[in-house]
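A.B. asks: Input structure: final.cif, which contains mmCIF, C-alpha atoms; chains and numbers go by the auth columns.
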```cif
data_protein
#
loop_
_atom_site.group_PDB
_atom_site.id
_atom_site.type_symbol
_atom_site.label_atom_id
_atom_site.label_comp_id
_atom_site.label_asym_id
_atom_site.label_seq_id
_atom_site.Cartn_x
_atom_site.Cartn_y
_atom_site.Cartn_z
_atom_site.B_iso_or_equiv
_atom_site.auth_seq_id
_atom_site.auth_asym_id
ATOM 1 C CA MET A 1 69.554 80.917 77.404 0.00 706 E
ATOM 2 C CA LYS A 2 70.953 82.396 74.213 0.00 707 E
ATOM 3 C CA LYS A 3 68.991 81.745 71.049 0.00 708 E
ATOM 4 C CA THR A 4 70.253 81.285 67.516 0.00 709 E
ATOM 5 C CA LEU A 5 68.773 83.203 64.620 0.00 710 E
ATOM 6 C CA GLN A 6 66.605 80.175 63.894 0.00 711 E
ATOM 7 C CA GLY A 7 65.098 80.441 67.359 0.00 712 E
ATOM 8 C CA GLY A 8 66.602 77.300 68.895 0.00 713 E
ATOM 9 C CA PRO A 9 69.200 77.169 71.660 0.00 714 E
ATOM 10 C CA ASN A 10 72.869 77.324 70.728 0.00 715 E
ATOM 11 C CA PRO A 11 74.418 73.863 70.650 0.00 716 E
ATOM 12 C CA PRO A 12 76.972 73.209 73.368 0.00 717 E
ATOM 13 C CA GLU A 13 80.507 74.182 72.449 0.00 718 E
ATOM 14 C CA PRO A 14 82.349 70.928 71.766 0.00 719 E
ATOM 15 C CA ALA A 15 85.605 69.891 73.343 0.00 720 E
ATOM 16 C CA SER A 16 88.483 69.605 70.917 0.00 721 E
ATOM 17 C CA ALA A 17 87.467 67.759 67.789 0.00 722 E
ATOM 18 C CA PRO A 18 88.515 64.125 67.612 0.00 723 E
ATOM 19 C CA GLY A 19 92.065 63.890 66.352 0.00 724 E
ATOM 20 C CA SER A 20 92.816 67.549 67.048 0.00 725 E
ATOM 21 C CA ASP A 21 95.650 68.702 69.274 0.00 726 E
ATOM 22 C CA PRO A 22 94.199 69.829 72.660 0.00 727 E
ATOM 23 C CA SER A 23 97.355 71.878 73.260 0.00 728 E
ATOM 24 C CA ARG A 24 96.220 74.172 70.439 0.00 729 E
ATOM 25 C CA ASP A 25 92.607 74.507 71.662 0.00 730 E
ATOM 26 C CA PRO A 26 91.846 78.236 71.924 0.00 731 E
ATOM 27 C CA ARG A 27 90.460 77.811 75.448 0.00 732 E
ATOM 28 C CA TYR A 28 93.626 76.055 76.613 0.00 733 E
ATOM 29 C CA VAL A 29 95.872 78.687 75.023 0.00 734 E
ATOM 30 C CA ALA A 30 93.652 81.450 76.471 0.00 735 E
ATOM 31 C CA TRP A 31 94.217 80.075 79.991 0.00 736 E
ATOM 32 C CA PHE A 32 97.928 80.915 79.687 0.00 737 E
ATOM 33 C CA ALA A 33 97.275 84.351 78.178 0.00 738 E
ATOM 34 C CA ARG A 34 94.806 85.243 80.933 0.00 739 E
ATOM 35 C CA PHE A 35 96.977 83.787 83.699 0.00 740 E
ATOM 36 C CA ASN A 36 100.083 85.605 82.493 0.00 741 E
ATOM 37 C CA ALA A 37 98.091 88.841 82.333 0.00 742 E
ATOM 38 C CA GLY A 38 97.205 88.389 86.008 0.00 743 E
ATOM 39 C CA GLU A 39 93.585 87.660 85.121 0.00 744 E
ATOM 40 C CA TYR A 40 93.342 84.586 87.314 0.00 745 E
ATOM 41 C CA TYR A 41 89.568 84.445 87.630 0.00 746 E
ATOM 42 C CA GLU A 42 89.191 84.813 83.861 0.00 747 E
ATOM 43 C CA ALA A 43 91.801 82.086 83.312 0.00 748 E
ATOM 44 C CA HIS A 44 89.797 79.812 85.594 0.00 749 E
ATOM 45 C CA GLU A 45 86.576 80.580 83.718 0.00 750 E
ATOM 46 C CA VAL A 46 87.919 80.090 80.189 0.00 751 E
ATOM 47 C CA LEU A 47 89.440 76.700 80.968 0.00 752 E
ATOM 48 C CA GLU A 48 86.423 75.562 82.963 0.00 753 E
ATOM 49 C CA VAL A 49 84.431 75.568 79.717 0.00 754 E
ATOM 50 C CA LEU A 50 86.895 73.090 78.206 0.00 755 E
ATOM 51 C CA TRP A 51 87.158 71.024 81.406 0.00 756 E
ATOM 52 C CA LEU A 52 83.380 70.576 81.631 0.00 757 E
ATOM 53 C CA ARG A 53 83.298 69.292 78.058 0.00 758 E
ATOM 54 C CA THR A 54 86.269 66.938 78.424 0.00 759 E
ATOM 55 C CA THR A 55 85.566 63.318 79.272 0.00 760 E
ATOM 56 C CA GLY A 56 88.932 61.824 78.407 0.00 761 E
ATOM 57 C CA ARG A 57 92.404 61.619 79.845 0.00 762 E
ATOM 58 C CA ASP A 58 92.968 65.394 79.988 0.00 763 E
ATOM 59 C CA ARG A 59 90.070 66.147 82.349 0.00 764 E
ATOM 60 C CA ASP A 60 92.165 66.035 85.550 0.00 765 E
ATOM 61 C CA PHE A 61 94.947 67.962 83.837 0.00 766 E
ATOM 62 C CA PHE A 62 92.579 70.827 83.046 0.00 767 E
ATOM 63 C CA LYS A 63 91.165 70.635 86.570 0.00 768 E
ATOM 64 C CA GLY A 64 94.667 71.073 87.980 0.00 769 E
ATOM 65 C CA LEU A 65 95.256 74.196 85.897 0.00 770 E
ATOM 66 C CA ILE A 66 91.898 75.600 86.989 0.00 771 E
ATOM 67 C CA GLN A 67 92.958 75.053 90.593 0.00 772 E
ATOM 68 C CA VAL A 68 96.259 76.884 90.027 0.00 773 E
ATOM 69 C CA ALA A 69 94.339 79.911 88.766 0.00 774 E
ATOM 70 C CA GLY A 70 91.888 79.600 91.674 0.00 775 E
ATOM 71 C CA ALA A 71 94.746 79.644 94.175 0.00 776 E
ATOM 72 C CA PHE A 72 96.001 82.901 92.684 0.00 777 E
ATOM 73 C CA VAL A 73 92.486 84.349 92.875 0.00 778 E
ATOM 74 C CA HIS A 74 92.664 83.758 96.639 0.00 779 E
ATOM 75 C CA LEU A 75 96.152 85.257 96.919 0.00 780 E
ATOM 76 C CA ARG A 76 95.058 88.368 95.045 0.00 781 E
ATOM 77 C CA LYS A 77 91.908 88.752 97.166 0.00 782 E
ATOM 78 C CA GLN A 78 93.919 88.450 100.368 0.00 783 E
ATOM 79 C CA LEU A 79 96.353 91.131 99.275 0.00 784 E
ATOM 80 C CA GLU A 80 93.691 93.477 97.919 0.00 785 E
ATOM 81 C CA ASN A 81 91.302 93.036 100.847 0.00 786 E
ATOM 82 C CA SER A 82 93.765 93.237 103.727 0.00 787 E
ATOM 83 C CA PRO A 83 97.175 94.501 102.621 0.00 788 E
ATOM 84 C CA CYS A 84 98.346 95.195 106.169 0.00 789 E
ATOM 85 C CA SER A 85 97.338 91.946 107.821 0.00 790 E
ATOM 86 C CA ALA A 86 97.258 88.259 107.162 0.00 791 E
ATOM 87 C CA ASP A 87 93.938 86.822 106.099 0.00 792 E
ATOM 88 C CA ALA A 88 93.977 83.067 106.561 0.00 793 E
ATOM 89 C CA ALA A 89 90.473 83.012 105.110 0.00 794 E
ATOM 90 C CA HIS A 90 92.160 83.356 101.690 0.00 795 E
ATOM 91 C CA LEU A 91 95.616 81.910 102.367 0.00 796 E
ATOM 92 C CA ARG A 92 94.342 78.552 103.633 0.00 797 E
ATOM 93 C CA PRO A 93 92.262 77.818 100.525 0.00 798 E
ATOM 94 C CA ALA A 94 95.097 79.060 98.312 0.00 799 E
ATOM 95 C CA ALA A 95 97.527 76.596 99.903 0.00 800 E
ATOM 96 C CA ARG A 96 94.962 73.811 99.642 0.00 801 E
ATOM 97 C CA LEU A 97 94.354 74.587 95.946 0.00 802 E
ATOM 98 C CA PHE A 98 98.088 74.596 95.233 0.00 803 E
ATOM 99 C CA GLN A 99 98.344 71.142 96.824 0.00 804 E
ATOM 100 C CA ARG A 100 95.329 69.784 94.963 0.00 805 E
ATOM 101 C CA SER A 101 96.462 71.229 91.662 0.00 806 E
ATOM 102 C CA SER A 102 99.801 69.489 92.051 0.00 807 E
ATOM 103 C CA GLU A 103 98.038 66.208 92.831 0.00 808 E
ATOM 104 C CA HIS A 104 95.939 66.523 89.668 0.00 809 E
ATOM 105 C CA LEU A 105 98.849 67.594 87.472 0.00 810 E
ATOM 106 C CA ALA A 106 101.599 65.259 88.730 0.00 811 E
ATOM 107 C CA PRO A 107 100.462 62.187 86.749 0.00 812 E
ATOM 108 C CA TYR A 108 101.049 64.191 83.555 0.00 813 E
ATOM 109 C CA ALA A 109 104.693 65.031 84.359 0.00 814 E
ATOM 110 C CA PRO A 110 107.217 65.702 83.096 0.00 815 E
ATOM 111 C CA VAL A 111 105.600 67.412 80.059 0.00 816 E
ATOM 112 C CA HIS A 112 102.027 67.334 78.805 0.00 817 E
ATOM 113 C CA LEU A 113 100.285 69.441 76.153 0.00 818 E
ATOM 114 C CA ARG A 114 103.412 71.599 75.718 0.00 819 E
ATOM 115 C CA LEU A 115 103.557 72.424 79.445 0.00 820 E
ATOM 116 C CA ASP A 116 106.454 71.656 81.789 0.00 821 E
ATOM 117 C CA VAL A 117 104.197 69.952 84.324 0.00 822 E
ATOM 118 C CA ALA A 118 107.041 68.915 86.617 0.00 823 E
ATOM 119 C CA ALA A 119 108.158 72.535 87.013 0.00 824 E
ATOM 120 C CA LEU A 120 104.596 73.737 87.608 0.00 825 E
ATOM 121 C CA CYS A 121 104.031 71.063 90.271 0.00 826 E
ATOM 122 C CA ALA A 122 107.268 72.034 92.021 0.00 827 E
ATOM 123 C CA PHE A 123 106.215 75.696 91.919 0.00 828 E
ATOM 124 C CA CYS A 124 102.767 74.944 93.378 0.00 829 E
ATOM 125 C CA GLU A 125 104.177 72.692 96.099 0.00 830 E
ATOM 126 C CA SER A 126 106.740 75.356 97.033 0.00 831 E
ATOM 127 C CA LEU A 127 104.033 78.017 97.312 0.00 832 E
ATOM 128 C CA ALA A 128 101.820 75.757 99.441 0.00 833 E
ATOM 129 C CA ARG A 129 104.725 74.904 101.773 0.00 834 E
ATOM 130 C CA GLY A 130 105.712 78.548 102.113 0.00 835 E
ATOM 131 C CA ILE A 131 102.190 79.619 103.015 0.00 836 E
ATOM 132 C CA GLU A 132 101.853 76.788 105.530 0.00 837 E
ATOM 133 C CA LYS A 133 105.296 77.439 107.080 0.00 838 E
ATOM 134 C CA SER A 134 104.287 81.055 107.676 0.00 839 E
ATOM 135 C CA ASP A 135 101.263 79.768 109.585 0.00 840 E
ATOM 136 C CA PHE A 136 99.110 81.277 106.837 0.00 841 E
ATOM 137 C CA ALA A 137 100.497 84.759 107.407 0.00 842 E
ATOM 138 C CA ASP A 138 102.672 85.365 104.310 0.00 843 E
ATOM 139 C CA ASN A 139 101.227 85.864 100.849 0.00 844 E
ATOM 140 C CA PRO A 140 103.792 84.931 98.166 0.00 845 E
ATOM 141 C CA TRP A 141 101.969 86.808 95.396 0.00 846 E
ATOM 142 C CA ASN A 142 103.415 90.161 94.412 0.00 847 E
ATOM 143 C CA PRO A 143 101.527 92.153 91.766 0.00 848 E
ATOM 144 C CA ALA A 144 104.825 93.792 90.725 0.00 849 E
ATOM 145 C CA THR A 145 106.308 90.397 89.820 0.00 850 E
ATOM 146 C CA PRO A 146 103.428 88.068 88.957 0.00 851 E
ATOM 147 C CA PRO A 147 104.261 84.511 87.896 0.00 852 E
ATOM 148 C CA ARG A 148 104.318 83.491 84.249 0.00 853 E
ATOM 149 C CA ILE A 149 103.558 80.030 82.979 0.00 854 E
ATOM 150 C CA GLU A 150 104.640 79.457 79.389 0.00 855 E
ATOM 151 C CA LEU A 151 103.901 76.770 76.847 0.00 856 E
ATOM 152 C CA ALA A 152 106.674 75.248 74.774 0.00 857 E
ATOM 153 C CA ALA A 153 106.424 75.984 71.063 0.00 858 E
#
```
Show how you would write the structure in this file as C-alpha cells.
C.D. replies:
Amino acid sequence: MKKTLQGGPNPPEPASAPGSDPSRDPRYVAWFARFNAGEYYEAHEVLEVLWLRTTGRDRDFFKGLIQVAGAFVHLRKQLENSPCSADAAHLRPAARLFQRSSEHLAPYAPVHLRLDVAALCAFCESLARGIEKSDFADNPWNPATPPRIELAA
C-alpha cells in the first residue's frame, strides 16, 4: 500500500464530487482517449477506478463502457495471438461482452454524459451479431482502422 509523507495510507480517490459533472471527470474523459488510441486494456483500467467508486445511477453506465473496452481487448488478443486462424477462445467472450455492454448502456440512451449511447449500443450489437454469424471465426477489429468513440462537446 502506498504511504503518504505523513506515514498513513493514501485516502481512496473519490468519485466525482457532489454536484460536479461526471462527464468531465478526468477518468471518464481518459477512457475515451485511451480507447481511441487503441489502448483498450488501459481504457478498461482507468474507468474501473471510477466505476468502483460510483454508487449512484451512473454505475451501470460505466460498467457498460468497461465491457466495451474489454471486448476489444479480446479482439486484439485473438488477432495478435493467432492471425491466421480463428480463436473462439477470444471471439466468444468478445461477443458476449458486446452484448452485455449494450444491455448495461441501453437504459441511458439516446444520450448520456455527452455520449451518443444509442449509436454505441447499435455498434456493439452489430459487432456481436457479426461475430456470432461467422460462427466465431471472423474478427471485426482491424488495427489499421480502429474504432473511435467521441464525446459531444
A.B. asks: Could you expand the PyMOL selection byres ((chain E and resi 761-767) around 12) into the explicit residues it covers here, written as a PyMOL selection string?
C.D. replies: chain E and resi 720-721+723+726-728+730+732-734+736-737+748-760+768-774+805-814+816-818+820+822+825-826
A.B. asks: Report, in Å to a single decimal, how far apart atom CA of Ile854 of chain E and atom CA of Asp840 of chain E are.
C.D. replies: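 The value is 26.7 Å.
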A.B. asks: Evaluate the PyMOL selection byres ((chain E and resi 795) around 9) here and jot the selected residues down as a ChimeraX atom specification.
C.D. replies: /E:776,778-783,791-794,796-800,841
A.B. asks: E:Arg729, E:Arg801, E:Arg853, E:Lys838: which is nearest Asn741 of chain E, counting all atoms listed in the file?
C.D. replies: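 Smallest separation from Asn741 of chain E among the options: E:Arg853.
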A.B. asks: Using Å and a single decimal, report how far atom CA of Leu784 of chain E sits from atom CA of Glu744 of chain E.
C.D. replies: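 Atom CA of Leu784 of chain E lies at a distance of 14.8 Å from atom CA of Glu744 of chain E.
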A.B. asks: Between atom CA of Phe777 of chain E and atom CA of Trp846 of chain E, what distance in Å does the model show, to one decimal?
C.D. replies: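 Taking atom CA of Phe777 of chain E and atom CA of Trp846 of chain E, their separation equals 7.6 Å.
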A.B. asks: If I wrap all listed atoms of segment 763-772 of chain E in a box with edges along x, y and z and add 3 Å on each side, what are its centre and edge lengths in Å to one decimal, as lines of an AutoDock Vina configuration file?
C.D. replies:
```
center_x = 92.7
center_y = 70.5
center_z = 85.3
size_x = 11.2
size_y = 16.2
size_z = 16.6
```
A.B. asks: Which is closer to Arg834 of chain E than all the others in E:Ala858, E:Ala849, E:Leu802, E:Ala738, using only C-alpha atoms?
C.D. replies: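 Once distances to Arg834 of chain E are computed over only C-alpha atoms, the minimum belongs to E:Leu802.
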A.B. asks: Calculated over only C-alpha atoms, which of the candidates E:Ala735, E:Phe803, E:Gly743, E:Ser831 has the smallest distance to Pro851 of chain E?
C.D. replies: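 Using only C-alpha atoms, Pro851 of chain E sits closest to E:Gly743.
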A.B. asks: Counting all atoms listed in the file, which of E:Gln804, E:Ser839, E:Asn786, E:Asn844 gets nearest to Ala827 of chain E?
C.D. replies: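 Counting all atoms listed in the file, the residue closest to Ala827 of chain E is E:Gln804.
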A.B. asks: Find the residue from E:Pro731, E:Cys829, E:Arg819, E:Leu856 that sits nearest to Gly775 of chain E; use all atoms listed in the file when measuring.
C.D. replies: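 Of E:Pro731, E:Cys829, E:Arg819, E:Leu856, the one nearest Gly775 of chain E, counting all atoms listed in the file, is E:Cys829.
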